[in-house]
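Novice: Sharing run_25.txt here; it has compact mmCIF, C-alpha atoms (C1' of nucleotides).
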# COMPACT_ATOMS: atom_id res chain seq x y z
CA MET A 1 93.90 106.38 109.43
CA TYR A 2 97.64 106.29 109.10
CA SER A 3 99.60 106.86 105.93
CA LYS A 4 99.71 103.56 104.16
CA GLU A 5 103.45 103.30 104.10
CA LEU A 6 103.72 102.91 107.85
CA LEU A 7 101.61 99.82 107.81
CA LYS A 8 103.90 98.12 105.36
CA GLY A 9 105.78 95.33 106.96
CA THR A 10 103.44 95.11 109.93
CA LEU A 11 100.55 93.30 108.29
CA GLN A 12 102.07 89.85 108.71
CA THR A 13 102.87 90.55 112.33
CA ILE A 14 99.34 91.71 113.02
CA VAL A 15 97.77 88.68 111.39
CA LEU A 16 100.05 86.22 113.15
CA LYS A 17 99.49 87.82 116.53
CA LEU A 18 95.72 87.80 116.16
CA LEU A 19 95.74 84.14 115.20
CA ALA A 20 97.97 83.31 118.13
CA GLU A 21 95.49 85.01 120.42
CA ASN A 22 92.27 83.75 118.95
CA GLY A 23 93.13 80.28 117.80
CA ARG A 24 91.52 80.45 114.42
CA MET A 25 89.97 83.23 112.41
CA TYR A 26 88.69 83.87 108.92
CA GLY A 27 89.67 86.77 106.71
CA TYR A 28 86.73 89.04 107.20
CA GLU A 29 86.85 88.44 110.93
CA ILE A 30 90.46 89.62 110.98
CA THR A 31 89.64 92.88 109.24
CA GLN A 32 86.82 93.54 111.69
CA LYS A 33 88.87 92.68 114.73
CA VAL A 34 91.67 95.02 113.74
CA LYS A 35 89.24 97.80 112.96
CA GLU A 36 87.50 97.29 116.29
CA GLN A 37 90.61 97.00 118.43
CA THR A 38 92.25 100.05 116.87
CA GLU A 39 89.08 102.13 116.87
CA GLY A 40 89.18 102.36 113.11
CA LYS A 41 92.73 103.68 113.01
CA ILE A 42 93.98 100.64 111.18
CA GLN A 43 91.79 99.19 108.47
CA LEU A 44 93.01 96.23 106.50
CA THR A 45 91.90 96.03 102.90
CA GLU A 46 91.04 92.74 101.26
CA GLY A 47 93.52 93.38 98.52
CA ALA A 48 96.26 93.35 101.12
CA LEU A 49 94.90 90.74 103.50
CA TYR A 50 94.05 87.85 101.23
CA PRO A 51 97.33 87.81 99.34
CA ALA A 52 99.11 88.02 102.70
CA LEU A 53 97.12 85.07 104.09
CA HIS A 54 97.78 83.02 100.97
CA LYS A 55 101.46 83.79 101.20
CA LEU A 56 101.67 82.79 104.86
CA GLU A 57 99.85 79.59 104.01
CA ALA A 58 102.22 78.86 101.14
CA GLU A 59 105.12 79.36 103.53
CA GLY A 60 103.68 76.79 105.89
CA LEU A 61 102.92 79.20 108.72
CA LEU A 62 99.16 78.84 108.43
CA VAL A 63 96.74 76.07 107.64
CA THR A 64 93.16 76.44 106.48
CA GLU A 65 89.90 74.74 107.29
CA THR A 66 86.89 75.34 105.12
CA VAL A 67 83.53 75.43 106.84
CA ASN A 68 80.12 75.74 105.26
CA ILE A 69 77.87 78.30 106.90
CA GLY A 70 74.57 77.78 105.17
CA LYS A 71 75.43 78.22 101.52
CA ARG A 72 78.41 80.39 102.22
CA ILE A 73 81.98 79.19 102.52
CA ARG A 74 84.13 80.31 105.39
CA LYS A 75 87.85 79.71 105.44
CA TYR A 76 89.45 79.53 108.85
CA TYR A 77 93.15 80.15 109.23
CA SER A 78 95.24 78.91 112.12
CA LEU A 79 98.90 78.77 113.04
CA THR A 80 101.11 75.78 112.40
CA PRO A 81 103.92 75.04 114.87
CA LYS A 82 106.22 76.81 112.45
CA GLY A 83 103.76 79.70 112.53
CA ASP A 84 103.98 79.85 116.31
CA VAL A 85 107.72 80.20 116.16
CA GLN A 86 107.54 82.84 113.48
CA THR A 87 104.95 84.80 115.44
CA ALA A 88 107.19 84.99 118.47
CA SER A 89 110.15 86.09 116.42
CA LYS A 90 108.15 88.69 114.49
CA LEU A 91 106.82 90.16 117.71
CA GLU A 92 110.25 90.33 119.19
CA GLU A 93 111.65 91.97 116.12
CA PHE A 94 108.88 94.52 116.02
CA SER A 95 109.31 95.39 119.64
CA SER A 96 113.03 95.87 119.19
CA PHE A 97 112.45 97.95 116.10
CA ILE A 98 110.13 100.23 118.02
CA SER A 99 112.71 100.73 120.75
CA THR A 100 115.35 101.65 118.20
CA MET A 101 113.06 104.04 116.41
CA GLN A 102 111.95 105.69 119.60
CA PHE A 103 115.54 106.19 120.59
CA LEU A 104 116.38 107.60 117.18
CA LEU A 105 113.44 109.92 117.00
CA ASN A 106 113.47 111.04 120.59
CA PRO A 107 117.03 110.90 121.87
CA LYS A 108 116.33 113.19 124.81
CA THR A 109 113.61 111.28 126.58
CA SER A 110 114.59 107.73 125.71
CA MET B 1 119.55 94.57 111.16
CA TYR B 2 115.79 94.50 110.95
CA SER B 3 113.78 92.90 108.18
CA LYS B 4 113.55 95.46 105.47
CA GLU B 5 109.79 95.68 105.44
CA LEU B 6 109.60 97.23 108.88
CA LEU B 7 111.65 100.19 107.80
CA LYS B 8 109.26 101.03 105.02
CA GLY B 9 107.49 104.28 105.52
CA THR B 10 109.87 105.44 108.20
CA LEU B 11 112.72 106.67 106.04
CA GLN B 12 111.20 110.09 105.42
CA THR B 13 110.46 110.52 109.08
CA ILE B 14 114.01 109.60 110.04
CA VAL B 15 115.56 112.01 107.56
CA LEU B 16 113.29 114.88 108.50
CA LYS B 17 113.90 114.39 112.20
CA LEU B 18 117.68 114.28 111.79
CA LEU B 19 117.65 117.48 109.76
CA ALA B 20 115.45 119.18 112.32
CA GLU B 21 117.97 118.24 114.98
CA ASN B 22 121.17 118.98 113.15
CA GLY B 23 120.30 121.95 111.00
CA ARG B 24 121.87 120.75 107.80
CA MET B 25 123.39 117.48 106.71
CA TYR B 26 124.60 115.77 103.57
CA GLY B 27 123.58 112.35 102.36
CA TYR B 28 126.52 110.33 103.50
CA GLU B 29 126.45 112.04 106.85
CA ILE B 30 122.85 110.96 107.32
CA THR B 31 123.65 107.32 106.65
CA GLN B 32 126.52 107.43 109.15
CA LYS B 33 124.50 109.20 111.81
CA VAL B 34 121.69 106.67 111.63
CA LYS B 35 124.10 103.78 111.72
CA GLU B 36 125.91 105.27 114.69
CA GLN B 37 122.84 106.23 116.70
CA THR B 38 121.19 102.86 116.19
CA GLU B 39 124.37 100.88 116.78
CA GLY B 40 124.20 99.51 113.26
CA LYS B 41 120.66 98.22 113.67
CA ILE B 42 119.36 100.54 110.99
CA GLN B 43 121.48 101.08 107.92
CA LEU B 44 120.21 103.29 105.15
CA THR B 45 121.28 102.39 101.65
CA GLU B 46 122.11 105.05 99.10
CA GLY B 47 119.63 103.60 96.67
CA ALA B 48 116.90 104.39 99.16
CA LEU B 49 118.27 107.61 100.62
CA TYR B 50 119.07 109.67 97.56
CA PRO B 51 115.74 109.16 95.81
CA ALA B 52 114.05 110.01 99.10
CA LEU B 53 116.06 113.21 99.49
CA HIS B 54 115.32 114.22 95.91
CA LYS B 55 111.67 113.58 96.42
CA LEU B 56 111.53 115.65 99.59
CA GLU B 57 113.34 118.45 97.78
CA ALA B 58 110.90 118.29 94.87
CA GLU B 59 108.06 118.54 97.35
CA GLY B 60 109.54 121.71 98.79
CA LEU B 61 110.34 120.26 102.20
CA LEU B 62 114.10 120.49 101.76
CA VAL B 63 116.53 122.89 100.11
CA THR B 64 120.08 122.14 99.05
CA GLU B 65 123.36 123.99 99.23
CA THR B 66 126.33 122.71 97.29
CA VAL B 67 129.72 123.14 98.92
CA ASN B 68 133.09 122.30 97.43
CA ILE B 69 135.37 120.37 99.77
CA GLY B 70 138.63 120.28 97.87
CA LYS B 71 137.65 118.74 94.55
CA ARG B 72 134.74 116.89 96.03
CA ILE B 73 131.20 118.16 95.98
CA ARG B 74 129.09 118.04 99.07
CA LYS B 75 125.36 118.66 98.99
CA TYR B 76 123.82 119.89 102.19
CA TYR B 77 120.14 119.45 102.81
CA SER B 78 118.10 121.54 105.22
CA LEU B 79 114.45 121.95 106.11
CA THR B 80 112.23 124.63 104.64
CA PRO B 81 109.47 126.11 106.82
CA LYS B 82 107.14 123.70 105.07
CA GLY B 83 109.58 120.95 105.99
CA ASP B 84 109.42 121.95 109.65
CA VAL B 85 105.68 121.59 109.67
CA GLN B 86 105.81 118.26 107.90
CA THR B 87 108.43 116.96 110.32
CA ALA B 88 106.23 117.69 113.29
CA SER B 89 103.25 116.02 111.71
CA LYS B 90 105.22 112.96 110.61
CA LEU B 91 106.61 112.50 114.10
CA GLU B 92 103.18 112.81 115.61
CA GLU B 93 101.76 110.30 113.19
CA PHE B 94 104.54 107.83 113.82
CA SER B 95 104.21 108.11 117.55
CA SER B 96 100.47 107.56 117.34
CA PHE B 97 100.98 104.61 115.03
CA ILE B 98 103.35 103.02 117.52
CA SER B 99 100.83 103.42 120.33
CA THR B 100 98.14 101.79 118.27
CA MET B 101 100.39 98.93 117.28
CA GLN B 102 101.56 98.36 120.82
CA PHE B 103 98.00 98.22 121.98
CA LEU B 104 97.06 95.83 119.20
CA LEU B 105 100.01 93.53 119.71
CA ASN B 106 100.03 93.58 123.45
CA PRO B 107 96.49 94.10 124.68
CA LYS B 108 97.21 92.85 128.19
CA THR B 109 99.95 95.22 129.25
CA SER B 110 98.96 98.36 127.36
C1' DT C 1 154.08 103.98 96.13
C1' DG C 2 150.65 101.06 95.44
C1' DA C 3 146.49 99.04 96.89
C1' DC C 4 142.54 99.14 99.47
C1' DA C 5 139.08 101.29 102.25
C1' DA C 6 136.43 105.21 103.17
C1' DT C 7 134.11 109.24 101.54
C1' DA C 8 130.52 111.11 98.51
C1' DC C 9 127.39 111.47 94.95
C1' DA C 10 124.01 109.13 91.95
C1' DT C 11 121.02 105.98 88.78
C1' DA C 12 118.73 101.71 86.78
C1' DA C 13 116.24 97.50 87.07
C1' DG C 14 113.70 94.75 89.67
C1' DA C 15 111.31 92.85 93.88
C1' DC C 16 107.88 93.21 97.10
C1' DT C 17 103.97 94.94 99.47
C1' DT C 18 99.97 97.18 99.46
C1' DC C 19 96.04 99.85 97.27
C1' DT C 20 92.18 100.62 94.24
C1' DA C 21 88.92 98.67 91.81
C1' DC C 22 86.47 95.01 90.37
C1' DA C 23 83.92 90.41 90.51
C1' DT C 24 80.90 87.22 92.76
C1' DA C 25 77.48 85.61 96.00
C1' DT C 26 74.59 85.19 100.33
C1' DA C 27 72.32 87.22 104.50
C1' DT C 28 70.23 90.86 106.87
C1' DT C 29 68.06 95.14 107.57
C1' DT C 30 65.07 98.98 106.22
C1' DA D 1 62.77 95.93 96.77
C1' DA D 2 66.87 98.06 97.73
C1' DA D 3 70.69 98.79 100.34
C1' DT D 4 74.01 97.26 103.45
C1' DA D 5 76.76 93.75 105.69
C1' DT D 6 79.05 89.42 105.28
C1' DA D 7 82.56 86.80 102.82
C1' DT D 8 86.16 85.49 99.50
C1' DG D 9 89.05 86.57 95.95
C1' DT D 10 91.89 88.63 91.67
C1' DA D 11 94.07 92.09 88.39
C1' DG D 12 96.54 96.04 87.56
C1' DA D 13 98.83 99.87 89.29
C1' DA D 14 101.46 102.59 92.61
C1' DG D 15 105.03 103.23 95.71
C1' DT D 16 109.08 102.17 98.36
C1' DC D 17 113.12 100.03 98.88
C1' DT D 18 116.95 96.64 97.44
C1' DT D 19 120.65 95.12 94.71
C1' DA D 20 123.84 96.25 91.67
C1' DT D 21 126.42 99.37 89.34
C1' DG D 22 129.00 103.65 88.15
C1' DT D 23 132.11 107.63 88.96
C1' DA D 24 135.51 110.15 91.45
C1' DT D 25 138.27 111.88 95.42
C1' DT D 26 140.71 111.26 99.80
C1' DG D 27 142.93 108.77 103.51
C1' DT D 28 145.51 104.89 105.35
C1' DC D 29 148.69 101.28 105.90
C1' DA D 30 151.96 98.00 104.45
Any chance you could put this one into structure tokens?
Specialist:
Amino acid sequence: MYSKELLKGTLQTIVLKLLAENGRMYGYEITQKVKEQTEGKIQLTEGALYPALHKLEAEGLLVTETVNIGKRIRKYYSLTPKGDVQTASKLEEFSSFISTMQFLLNPKTS
Amino acid sequence: MYSKELLKGTLQTIVLKLLAENGRMYGYEITQKVKEQTEGKIQLTEGALYPALHKLEAEGLLVTETVNIGKRIRKYYSLTPKGDVQTASKLEEFSSFISTMQFLLNPKTS
DNA sequence: TGACAATACATAAGACTTCTACATATATTT
DNA sequence: AAATATATGTAGAAGTCTTATGTATTGTCA
């Protein structure tokens, strides 16, 4: 597990990228996918994820579909066209940020 | 300039690494160095930097030396042995975090 | 020489993100 | 029957950083 601060600012990017890859996902599924793909190194908490999802929805980047699974409700999130655009730009920004940081922190080998 | 959120959690690491490289530096010098080395892509604000420096000092990772340049005061910061250790561990953590993120965001090529 | 920009320190108030803890409820495993 | 996993969500607090402000000295250029 990484210090929490590092994760700040990357949660949105992670969520958007996963949705772009998987079409549609629900909250719990996202937490599990991240945990699984990072071998437990990144674990999203509900307290961070749900507010983030709601915010992205309010901004028009995500839409929801509610599905009944037995008696339980499941809320699927998927990208809007605007969300697609934002995902691409977030990924690009993150990638550029990493390059800059790697250069800054490792000027000899970069 | 990157969205502010991305920078979160990296400020300490940046400061520690610069001090490890340059021996001792003062606040303004740090802001200029970062700006210069990142071609303006990362710009530290004083409101973020000084509280961070004070915090690191309070934690025993940095010590200060005050030097008078004419009538102006200059406060040099340098790493303590404890600071050296922390720098290494922060850099390691950041590097590992980047690997994980790259894998997560780009599963095909990683 | 007067004005402006750069150097250099610093704090205060607020925004934003995330965490911890809690609340609720169903389904599955032991 | 109890515990764990699935599933969504909120409230309050913590932490980091931003914006704005303040003070003072030094350098530059018109």
Novice: How many Å lie between atom C1' of C:DT29 and atom CA of A:Gly27, rounded to one decimal?
Specialist: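 About the pair atom C1' of C:DT29 and atom CA of A:Gly27: they are 23.2 Å apart.
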Novice: Show me, as an mmCIF file with C-alpha atoms, in the coordinates of the input, the residues of chain B whose atoms get within 10 Å of chain A, using all atoms listed in the file for the distance check.
Specialist:
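And here's selection25.cif as it stands now:
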data_model
loop_
_atom_site.group_PDB
_atom_site.id
_atom_site.type_symbol
_atom_site.label_atom_id
_atom_site.label_comp_id
_atom_site.auth_asym_id
_atom_site.auth_seq_id
_atom_site.Cartn_x
_atom_site.Cartn_y
_atom_site.Cartn_z
ATOM 1 C CA MET B 1 119.550 94.570 111.160
ATOM 2 C CA TYR B 2 115.790 94.500 110.950
ATOM 3 C CA SER B 3 113.780 92.900 108.180
ATOM 4 C CA LYS B 4 113.550 95.460 105.470
ATOM 5 C CA GLU B 5 109.790 95.680 105.440
ATOM 6 C CA LEU B 6 109.600 97.230 108.880
ATOM 7 C CA LEU B 7 111.650 100.190 107.800
ATOM 8 C CA LYS B 8 109.260 101.030 105.020
ATOM 9 C CA GLY B 9 107.490 104.280 105.520
ATOM 10 C CA THR B 10 109.870 105.440 108.200
ATOM 11 C CA LEU B 11 112.720 106.670 106.040
ATOM 12 C CA THR B 13 110.460 110.520 109.080
ATOM 13 C CA ILE B 14 114.010 109.600 110.040
ATOM 14 C CA VAL B 15 115.560 112.010 107.560
ATOM 15 C CA LEU B 16 113.290 114.880 108.500
ATOM 16 C CA LYS B 17 113.900 114.390 112.200
ATOM 17 C CA LEU B 18 117.680 114.280 111.790
ATOM 18 C CA GLU B 21 117.970 118.240 114.980
ATOM 19 C CA LYS B 33 124.500 109.200 111.810
ATOM 20 C CA VAL B 34 121.690 106.670 111.630
ATOM 21 C CA GLN B 37 122.840 106.230 116.700
ATOM 22 C CA THR B 38 121.190 102.860 116.190
ATOM 23 C CA GLU B 39 124.370 100.880 116.780
ATOM 24 C CA LYS B 41 120.660 98.220 113.670
ATOM 25 C CA ILE B 42 119.360 100.540 110.990
ATOM 26 C CA LYS B 90 105.220 112.960 110.610
ATOM 27 C CA LEU B 91 106.610 112.500 114.100
ATOM 28 C CA GLU B 93 101.760 110.300 113.190
ATOM 29 C CA PHE B 94 104.540 107.830 113.820
ATOM 30 C CA SER B 95 104.210 108.110 117.550
ATOM 31 C CA SER B 96 100.470 107.560 117.340
ATOM 32 C CA PHE B 97 100.980 104.610 115.030
ATOM 33 C CA ILE B 98 103.350 103.020 117.520
ATOM 34 C CA SER B 99 100.830 103.420 120.330
ATOM 35 C CA THR B 100 98.140 101.790 118.270
ATOM 36 C CA MET B 101 100.390 98.930 117.280
ATOM 37 C CA GLN B 102 101.560 98.360 120.820
ATOM 38 C CA PHE B 103 98.000 98.220 121.980
ATOM 39 C CA LEU B 104 97.060 95.830 119.200
ATOM 40 C CA LEU B 105 100.010 93.530 119.710
ATOM 41 C CA ASN B 106 100.030 93.580 123.450
ATOM 42 C CA PRO B 107 96.490 94.100 124.680
#
Novice: With a cut-off of 12 Å, could you pull out the residues of chain D touching chain B and give me the nearest pair of atoms for each, distance in Å to one decimal, using only C-alpha atoms (C1' of nucleotides), ordered by chain and ascending number, as a tab-separated table?
Specialist:
residue	atom	partner	partner_atom	distance
D:DG15	C1'	B:Gly9	CA	10.2
D:DT16	C1'	B:Lys8	CA	6.8
D:DC17	C1'	B:Ala48	CA	5.8
D:DT18	C1'	B:Gly47	CA	7.5
D:DT19	C1'	B:Gly47	CA	8.8
D:DA20	C1'	B:Gly47	CA	9.8
D:DT21	C1'	B:Gly47	CA	10.9
D:DT23	C1'	B:Arg72	CA	11.9
D:DA24	C1'	B:Arg72	CA	8.2
D:DT25	C1'	B:Arg72	CA	6.2
D:DT26	C1'	B:Arg72	CA	9.0
Novice: If you take all atoms listed in the file and a cut-off of 12 Å, which residues of chain C touch chain A, and what are their nearest atom pairs and distances in Å to one decimal, in chain and number order, as a Markdown table?
Specialist:
| residue | atom | partner | partner_atom | distance |
| --- | --- | --- | --- | --- |
| C:DC16 | C1' | A:Gly9 | CA | 10.3 |
| C:DT17 | C1' | A:Lys8 | CA | 6.7 |
| C:DT18 | C1' | A:Ala48 | CA | 5.6 |
| C:DC19 | C1' | A:Gly47 | CA | 7.1 |
| C:DT20 | C1' | A:Gly47 | CA | 8.5 |
| C:DA21 | C1' | A:Gly47 | CA | 9.7 |
| C:DC22 | C1' | A:Gly47 | CA | 10.9 |
| C:DT24 | C1' | A:Arg72 | CA | 11.9 |
| C:DA25 | C1' | A:Arg72 | CA | 8.2 |
| C:DT26 | C1' | A:Arg72 | CA | 6.4 |
| C:DA27 | C1' | A:Arg72 | CA | 9.4 |
Novice: Fit chain B to chain A, using all C-alpha atoms paired in sequence order for the least-squares superposition, and then show me the result as a PDB file with C-alpha atoms, keeping the file's coordinate frame.
Specialist:
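Result saved to part_35.pdb:
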ATOM      1  CA  MET B   1      93.781 106.366 109.507  1.00  0.00           C
ATOM      2  CA  TYR B   2      97.537 106.360 109.226  1.00  0.00           C
ATOM      3  CA  SER B   3      99.498 107.024 106.066  1.00  0.00           C
ATOM      4  CA  LYS B   4      99.693 103.753 104.274  1.00  0.00           C
ATOM      5  CA  GLU B   5     103.453 103.527 104.253  1.00  0.00           C
ATOM      6  CA  LEU B   6     103.702 103.113 108.000  1.00  0.00           C
ATOM      7  CA  LEU B   7     101.644  99.968 107.918  1.00  0.00           C
ATOM      8  CA  LYS B   8     103.993  98.307 105.495  1.00  0.00           C
ATOM      9  CA  GLY B   9     105.780  95.366 106.944  1.00  0.00           C
ATOM     10  CA  THR B  10     103.446  95.094 109.889  1.00  0.00           C
ATOM     11  CA  LEU B  11     100.566  93.263 108.259  1.00  0.00           C
ATOM     12  CA  GLN B  12     102.086  89.816 108.699  1.00  0.00           C
ATOM     13  CA  THR B  13     102.885  90.534 112.302  1.00  0.00           C
ATOM     14  CA  ILE B  14      99.348  91.712 112.987  1.00  0.00           C
ATOM     15  CA  VAL B  15      97.766  88.658 111.396  1.00  0.00           C
ATOM     16  CA  LEU B  16     100.059  86.213 113.139  1.00  0.00           C
ATOM     17  CA  LYS B  17      99.506  87.821 116.517  1.00  0.00           C
ATOM     18  CA  LEU B  18      95.720  87.807 116.153  1.00  0.00           C
ATOM     19  CA  LEU B  19      95.728  84.137 115.208  1.00  0.00           C
ATOM     20  CA  ALA B  20      97.973  83.304 118.132  1.00  0.00           C
ATOM     21  CA  GLU B  21      95.492  85.024 120.413  1.00  0.00           C
ATOM     22  CA  ASN B  22      92.266  83.762 118.951  1.00  0.00           C
ATOM     23  CA  GLY B  23      93.111  80.272 117.808  1.00  0.00           C
ATOM     24  CA  ARG B  24      91.487  80.430 114.419  1.00  0.00           C
ATOM     25  CA  MET B  25      89.940  83.208 112.398  1.00  0.00           C
ATOM     26  CA  TYR B  26      88.676  83.869 108.904  1.00  0.00           C
ATOM     27  CA  GLY B  27      89.667  86.747 106.682  1.00  0.00           C
ATOM     28  CA  TYR B  28      86.739  89.026 107.191  1.00  0.00           C
ATOM     29  CA  GLU B  29      86.867  88.432 110.903  1.00  0.00           C
ATOM     30  CA  ILE B  30      90.470  89.597 110.960  1.00  0.00           C
ATOM     31  CA  THR B  31      89.649  92.855 109.213  1.00  0.00           C
ATOM     32  CA  GLN B  32      86.819  93.527 111.670  1.00  0.00           C
ATOM     33  CA  LYS B  33      88.886  92.659 114.714  1.00  0.00           C
ATOM     34  CA  VAL B  34      91.685  95.005 113.718  1.00  0.00           C
ATOM     35  CA  LYS B  35      89.268  97.786 112.951  1.00  0.00           C
ATOM     36  CA  GLU B  36      87.509  97.288 116.264  1.00  0.00           C
ATOM     37  CA  GLN B  37      90.614  96.989 118.423  1.00  0.00           C
ATOM     38  CA  THR B  38      92.245 100.034 116.873  1.00  0.00           C
ATOM     39  CA  GLU B  39      89.069 102.106 116.874  1.00  0.00           C
ATOM     40  CA  GLY B  40      89.179 102.323 113.101  1.00  0.00           C
ATOM     41  CA  LYS B  41      92.722 103.670 113.037  1.00  0.00           C
ATOM     42  CA  ILE B  42      93.986 100.634 111.183  1.00  0.00           C
ATOM     43  CA  GLN B  43      91.820  99.178 108.463  1.00  0.00           C
ATOM     44  CA  LEU B  44      93.053  96.219 106.489  1.00  0.00           C
ATOM     45  CA  THR B  45      91.925  95.998 102.900  1.00  0.00           C
ATOM     46  CA  GLU B  46      91.063  92.683 101.308  1.00  0.00           C
ATOM     47  CA  GLY B  47      93.500  93.308  98.510  1.00  0.00           C
ATOM     48  CA  ALA B  48      96.272  93.319 101.078  1.00  0.00           C
ATOM     49  CA  LEU B  49      94.934  90.709 103.482  1.00  0.00           C
ATOM     50  CA  TYR B  50      94.093  87.807 101.219  1.00  0.00           C
ATOM     51  CA  PRO B  51      97.393  87.746  99.344  1.00  0.00           C
ATOM     52  CA  ALA B  52      99.137  87.949 102.709  1.00  0.00           C
ATOM     53  CA  LEU B  53      97.143  85.029 104.098  1.00  0.00           C
ATOM     54  CA  HIS B  54      97.830  82.963 100.993  1.00  0.00           C
ATOM     55  CA  LYS B  55     101.485  83.722 101.223  1.00  0.00           C
ATOM     56  CA  LEU B  56     101.681  82.730 104.874  1.00  0.00           C
ATOM     57  CA  GLU B  57      99.852  79.512 104.044  1.00  0.00           C
ATOM     58  CA  ALA B  58     102.245  78.762 101.188  1.00  0.00           C
ATOM     59  CA  GLU B  59     105.125  79.283 103.579  1.00  0.00           C
ATOM     60  CA  GLY B  60     103.677  76.714 105.950  1.00  0.00           C
ATOM     61  CA  LEU B  61     102.926  79.147 108.759  1.00  0.00           C
ATOM     62  CA  LEU B  62      99.160  78.800 108.471  1.00  0.00           C
ATOM     63  CA  VAL B  63      96.712  76.013 107.680  1.00  0.00           C
ATOM     64  CA  THR B  64      93.144  76.406 106.497  1.00  0.00           C
ATOM     65  CA  GLU B  65      89.872  74.709 107.290  1.00  0.00           C
ATOM     66  CA  THR B  66      86.868  75.334 105.098  1.00  0.00           C
ATOM     67  CA  VAL B  67      83.506  75.434 106.835  1.00  0.00           C
ATOM     68  CA  ASN B  68      80.110  75.781 105.212  1.00  0.00           C
ATOM     69  CA  ILE B  69      77.862  78.342 106.879  1.00  0.00           C
ATOM     70  CA  GLY B  70      74.572  77.849 105.096  1.00  0.00           C
ATOM     71  CA  LYS B  71      75.495  78.288 101.447  1.00  0.00           C
ATOM     72  CA  ARG B  72      78.422  80.499 102.239  1.00  0.00           C
ATOM     73  CA  ILE B  73      81.965  79.268 102.526  1.00  0.00           C
ATOM     74  CA  ARG B  74      84.123  80.331 105.395  1.00  0.00           C
ATOM     75  CA  LYS B  75      87.853  79.709 105.451  1.00  0.00           C
ATOM     76  CA  TYR B  76      89.447  79.522 108.849  1.00  0.00           C
ATOM     77  CA  TYR B  77      93.135  80.125 109.245  1.00  0.00           C
ATOM     78  CA  SER B  78      95.219  78.876 112.149  1.00  0.00           C
ATOM     79  CA  LEU B  79      98.883  78.753 113.064  1.00  0.00           C
ATOM     80  CA  THR B  80     101.088  75.746 112.457  1.00  0.00           C
ATOM     81  CA  PRO B  81     103.886  75.004 114.943  1.00  0.00           C
ATOM     82  CA  LYS B  82     106.181  76.753 112.498  1.00  0.00           C
ATOM     83  CA  GLY B  83     103.748  79.657 112.564  1.00  0.00           C
ATOM     84  CA  ASP B  84     103.968  79.834 116.351  1.00  0.00           C
ATOM     85  CA  VAL B  85     107.707  80.175 116.200  1.00  0.00           C
ATOM     86  CA  GLN B  86     107.539  82.798 113.492  1.00  0.00           C
ATOM     87  CA  THR B  87     104.954  84.786 115.434  1.00  0.00           C
ATOM     88  CA  ALA B  88     107.202  85.003 118.449  1.00  0.00           C
ATOM     89  CA  SER B  89     110.152  86.098 116.384  1.00  0.00           C
ATOM     90  CA  LYS B  90     108.156  88.674 114.426  1.00  0.00           C
ATOM     91  CA  LEU B  91     106.819  90.190 117.626  1.00  0.00           C
ATOM     92  CA  GLU B  92     110.274  90.354 119.103  1.00  0.00           C
ATOM     93  CA  GLU B  93     111.648  91.993 116.005  1.00  0.00           C
ATOM     94  CA  PHE B  94     108.871  94.542 115.887  1.00  0.00           C
ATOM     95  CA  SER B  95     109.260  95.425 119.516  1.00  0.00           C
ATOM     96  CA  SER B  96     112.995  95.876 119.087  1.00  0.00           C
ATOM     97  CA  PHE B  97     112.440  97.971 115.988  1.00  0.00           C
ATOM     98  CA  ILE B  98     110.104 100.256 117.904  1.00  0.00           C
ATOM     99  CA  SER B  99     112.669 100.737 120.660  1.00  0.00           C
ATOM    100  CA  THR B 100     115.322 101.647 118.155  1.00  0.00           C
ATOM    101  CA  MET B 101     113.048 104.067 116.368  1.00  0.00           C
ATOM    102  CA  GLN B 102     111.932 105.703 119.578  1.00  0.00           C
ATOM    103  CA  PHE B 103     115.509 106.187 120.581  1.00  0.00           C
ATOM    104  CA  LEU B 104     116.398 107.601 117.185  1.00  0.00           C
ATOM    105  CA  LEU B 105     113.450 109.953 117.008  1.00  0.00           C
ATOM    106  CA  ASN B 106     113.489 111.058 120.581  1.00  0.00           C
ATOM    107  CA  PRO B 107     117.049 110.936 121.855  1.00  0.00           C
ATOM    108  CA  LYS B 108     116.381 113.208 124.820  1.00  0.00           C
ATOM    109  CA  THR B 109     113.665 111.286 126.602  1.00  0.00           C
ATOM    110  CA  SER B 110     114.634 107.714 125.757  1.00  0.00           C
TER     111      SER B 110
END
